[in-house]
Amino acid sequence: MTRPDDDMLTSLARLAGAVRVDPPTDDLITDVRARIDRLPVPVPRSGPRKSLNALLDSLRRHRRAATAVAVALLLTLVAVSPAGAQIAQWLGIGAVQIVPAPAPPAGPADPAAADGFTAVDLAQARAQTTFPLVVPAEIGPPSEVLLSPGGTVVSMVWPTGDPAAPGPPVRLDQVAGQVDYTVVKRYGEDIDFTRVDGADAFWLRVPHPLVYTDVTGAGHTERSRVAGPTLIWTDGPVTLRLEGVATKDRAVQIARSVG
Amino acid sequence: MRGGDPAAYAVLVRRYGGIARRTAAVLGAGADTDDVVQEAFVKAYRALGTFRDGAPFRPWLLRIVANETRNARRSAGRRFAREAAQLPPLAATIEDRHADLELFRAQVEALPEHQRLVIACRFLLDLDETQTAQVLGISRGTVKSRTYRALARLRDSVPAPEVTS
């Protein structure tokens, strides 16, 4: 027994499927870019004001806020502007979320730090993950393979760094899924926006705090450490982060060699 | 000089350009669709500072697109008197059942403006009641009642197109 509305809803669904709207051309990005490049970088304002007192209060807060921003800019030239932080928060990449944070604590970044991960071999890692693991041809097989406490992140480590330019360790994290497991990057510096094989990628060029958050069901584990320069990109359903390669161009080259 | 923010924003424009353009077109921007979308992205950028922390970008952008579409239609109205709210053309692949779908499309276009917008959001953009309320700047209750009245009106206007499975 069908209700009259069922036909109506079916018609609407058919209409929705038949209504054709072309995607925007590249001109949209070019034109918007040309217009916003001439605008000042937007600065957050406080919320709605209800009374004269609230207005005065808000003006006072504004003055303080402006001072804080200026001081912060003097202290650290690479601080992300509040608007930049707002944009980055909407962006994210795959399973990686980027949130504004204070400048990272001092101390060297150590890509090999294990964060409670357990050492396995490549075959064991492949057997315990539901997504295909990749190895970048540019740097060959990893010396160490580590599995996260929940089994949702696989880390590969090259302790002597990039064979083309030996140095500090290089680490490649691979994460599947976009909801259950989130790698949260906290940053206090600028980000470069780049591409890896057509997918958006972020290059974080200076050390930043890195937090792994496992939010699956009842469990919640968090491991935090300082991460070095990092490239983040996605390959289908898998999010990858490559840490420890000195330059963006080389990191992108390595990222393109996964297969 | 840093240019991080416009570069970051360009990623957002690439990511949300498609849904923004579909929204403008389906809400009736017609020939002004590209202008509406460009204007909406620029306005959104200028207003970035007004965001509540943690607010999602998409519904807010689409609300700006809806407002810009309304502005464009108003100014088109001044230029060309009353202009019908044209939905985008239908894909050419529907073939045999095209005629009744065209008829149905005309019925949707003929709905009163406030009902047409709700129908477009709910069924052509596949937004839920909460999202529709956000995009159109009305309450959820209003979304419900306008949807109900619009469906009743469509049902009464002409027999619904034949659906075969």
# chains A, B, ... in the order shown; residues from 1 in each chain; ligands from 1

call {"tool": "closest_atom_pairs", "arguments": {"of": "chain B", "to": "chain A", "cutoff": "8 Å", "atoms": "only C-alpha atoms", "output": "JSON lines"}}
result
{"residue": "B:Gly4", "atom": "CA", "partner": "A:Asp192", "partner_atom": "CA", "distance": 7.0}
{"residue": "B:Asp5", "atom": "CA", "partner": "A:Gly84", "partner_atom": "CA", "distance": 5.1}
{"residue": "B:Pro6", "atom": "CA", "partner": "A:Asp37", "partner_atom": "CA", "distance": 6.3}
{"residue": "B:Ala7", "atom": "CA", "partner": "A:Phe193", "partner_atom": "CA", "distance": 6.8}
{"residue": "B:Ala8", "atom": "CA", "partner": "A:Phe193", "partner_atom": "CA", "distance": 6.4}
{"residue": "B:Tyr9", "atom": "CA", "partner": "A:Ile87", "partner_atom": "CA", "distance": 6.6}
{"residue": "B:Ala10", "atom": "CA", "partner": "A:Ile29", "partner_atom": "CA", "distance": 6.1}
{"residue": "B:Val11", "atom": "CA", "partner": "A:Asp200", "partner_atom": "CA", "distance": 7.5}
{"residue": "B:Leu12", "atom": "CA", "partner": "A:Leu91", "partner_atom": "CA", "distance": 7.0}
{"residue": "B:Val13", "atom": "CA", "partner": "A:Ile29", "partner_atom": "CA", "distance": 6.2}
{"residue": "B:Arg14", "atom": "CA", "partner": "A:Ile29", "partner_atom": "CA", "distance": 6.7}
{"residue": "B:Gly17", "atom": "CA", "partner": "A:Pro24", "partner_atom": "CA", "distance": 6.1}
{"residue": "B:Gly18", "atom": "CA", "partner": "A:Pro23", "partner_atom": "CA", "distance": 4.9}
{"residue": "B:Arg21", "atom": "CA", "partner": "A:Pro24", "partner_atom": "CA", "distance": 6.6}
{"residue": "B:Arg22", "atom": "CA", "partner": "A:Val21", "partner_atom": "CA", "distance": 5.6}
{"residue": "B:Ala25", "atom": "CA", "partner": "A:Val21", "partner_atom": "CA", "distance": 7.0}
{"residue": "B:Asp34", "atom": "CA", "partner": "A:Pro24", "partner_atom": "CA", "distance": 7.7}
{"residue": "B:Gln38", "atom": "CA", "partner": "A:Val32", "partner_atom": "CA", "distance": 6.1}
{"residue": "B:Phe41", "atom": "CA", "partner": "A:Val32", "partner_atom": "CA", "distance": 6.9}
{"residue": "B:Val42", "atom": "CA", "partner": "A:Val32", "partner_atom": "CA", "distance": 6.2}
{"residue": "B:Tyr45", "atom": "CA", "partner": "A:Ile36", "partner_atom": "CA", "distance": 7.3}
{"residue": "B:Arg46", "atom": "CA", "partner": "A:Pro42", "partner_atom": "CA", "distance": 6.0}
{"residue": "B:Ala47", "atom": "CA", "partner": "A:Pro42", "partner_atom": "CA", "distance": 7.0}
{"residue": "B:Leu48", "atom": "CA", "partner": "A:Pro42", "partner_atom": "CA", "distance": 6.0}
{"residue": "B:Gly49", "atom": "CA", "partner": "A:Pro44", "partner_atom": "CA", "distance": 3.4}
{"residue": "B:Thr50", "atom": "CA", "partner": "A:Arg45", "partner_atom": "CA", "distance": 5.4}
{"residue": "B:Phe51", "atom": "CA", "partner": "A:Pro44", "partner_atom": "CA", "distance": 7.0}
{"residue": "B:Arg52", "atom": "CA", "partner": "A:Gly47", "partner_atom": "CA", "distance": 8.0}
{"residue": "B:Asp53", "atom": "CA", "partner": "A:Gln86", "partner_atom": "CA", "distance": 7.4}
{"residue": "B:Gly54", "atom": "CA", "partner": "A:Gln89", "partner_atom": "CA", "distance": 7.7}
{"residue": "B:Pro56", "atom": "CA", "partner": "A:Trp90", "partner_atom": "CA", "distance": 6.8}
{"residue": "B:Phe57", "atom": "CA", "partner": "A:Trp90", "partner_atom": "CA", "distance": 6.3}
{"residue": "B:Leu87", "atom": "CA", "partner": "A:Val19", "partner_atom": "CA", "distance": 7.7}
{"residue": "B:Pro88", "atom": "CA", "partner": "A:Val19", "partner_atom": "CA", "distance": 6.0}
{"residue": "B:Pro89", "atom": "CA", "partner": "A:Val19", "partner_atom": "CA", "distance": 6.0}
{"residue": "B:Leu90", "atom": "CA", "partner": "A:Val19", "partner_atom": "CA", "distance": 4.6}
{"residue": "B:Ala91", "atom": "CA", "partner": "A:Ala18", "partner_atom": "CA", "distance": 5.2}
{"residue": "B:Ile94", "atom": "CA", "partner": "A:Ala18", "partner_atom": "CA", "distance": 7.3}
{"residue": "B:Leu101", "atom": "CA", "partner": "A:Leu15", "partner_atom": "CA", "distance": 6.7}
{"residue": "B:Phe104", "atom": "CA", "partner": "A:Ser11", "partner_atom": "CA", "distance": 7.7}
{"residue": "B:Arg105", "atom": "CA", "partner": "A:Leu15", "partner_atom": "CA", "distance": 7.0}
{"residue": "B:Phe123", "atom": "CA", "partner": "A:Leu12", "partner_atom": "CA", "distance": 6.2}
{"residue": "B:Leu124", "atom": "CA", "partner": "A:Ala16", "partner_atom": "CA", "distance": 4.5}
{"residue": "B:Leu125", "atom": "CA", "partner": "A:Ala16", "partner_atom": "CA", "distance": 7.5}
{"residue": "B:Leu151", "atom": "CA", "partner": "A:Met8", "partner_atom": "CA", "distance": 7.4}
{"residue": "B:Leu154", "atom": "CA", "partner": "A:Met8", "partner_atom": "CA", "distance": 7.8}
{"residue": "B:Arg155", "atom": "CA", "partner": "A:Met8", "partner_atom": "CA", "distance": 6.9}
{"residue": "B:Ala160", "atom": "CA", "partner": "A:Met8", "partner_atom": "CA", "distance": 6.4}
{"residue": "B:Pro161", "atom": "CA", "partner": "A:Ser11", "partner_atom": "CA", "distance": 6.9}
{"residue": "B:Val163", "atom": "CA", "partner": "A:Asp7", "partner_atom": "CA", "distance": 7.2}

call {"tool": "select_by_dssp", "arguments": {"residues": "chain B", "states": "helix (DSSP H, G or I)", "output": "MDAnalysis selection string"}}
result
chainID B and resid 4:26 30:46 48:50 57:80 95:109 113:124 129:136 140:157

call {"tool": "residues_around", "arguments": {"residues": "region 127-132 of chain B", "least_positions_apart": "5", "cutoff": "8 Å", "atoms": "only C-alpha atoms", "output": "compact mmCIF listing (two decimals) with C-alpha atoms, in the first residue's frame"}}
result
# COMPACT_ATOMS: atom_id res chain seq x y z
CA PRO B 59 25.88 25.38 6.22
CA VAL B 118 12.22 24.73 1.15
CA CYS B 121 16.77 22.54 -0.04
CA ARG B 122 15.10 19.43 1.31
CA ARG B 140 12.76 24.20 11.86
CA VAL B 143 10.66 24.30 7.42
CA LYS B 144 8.27 21.52 8.47

call {"tool": "atom_distance", "arguments": {"atom1": "CA of Pro132 (chain A)", "atom2": "CA of Arg205 (chain A)"}}
result
27.6 Å

call {"tool": "atom_distance", "arguments": {"atom1": "CA of Ile119 (chain B)", "atom2": "CA of Gln107 (chain B)"}}
result
11.5 Å
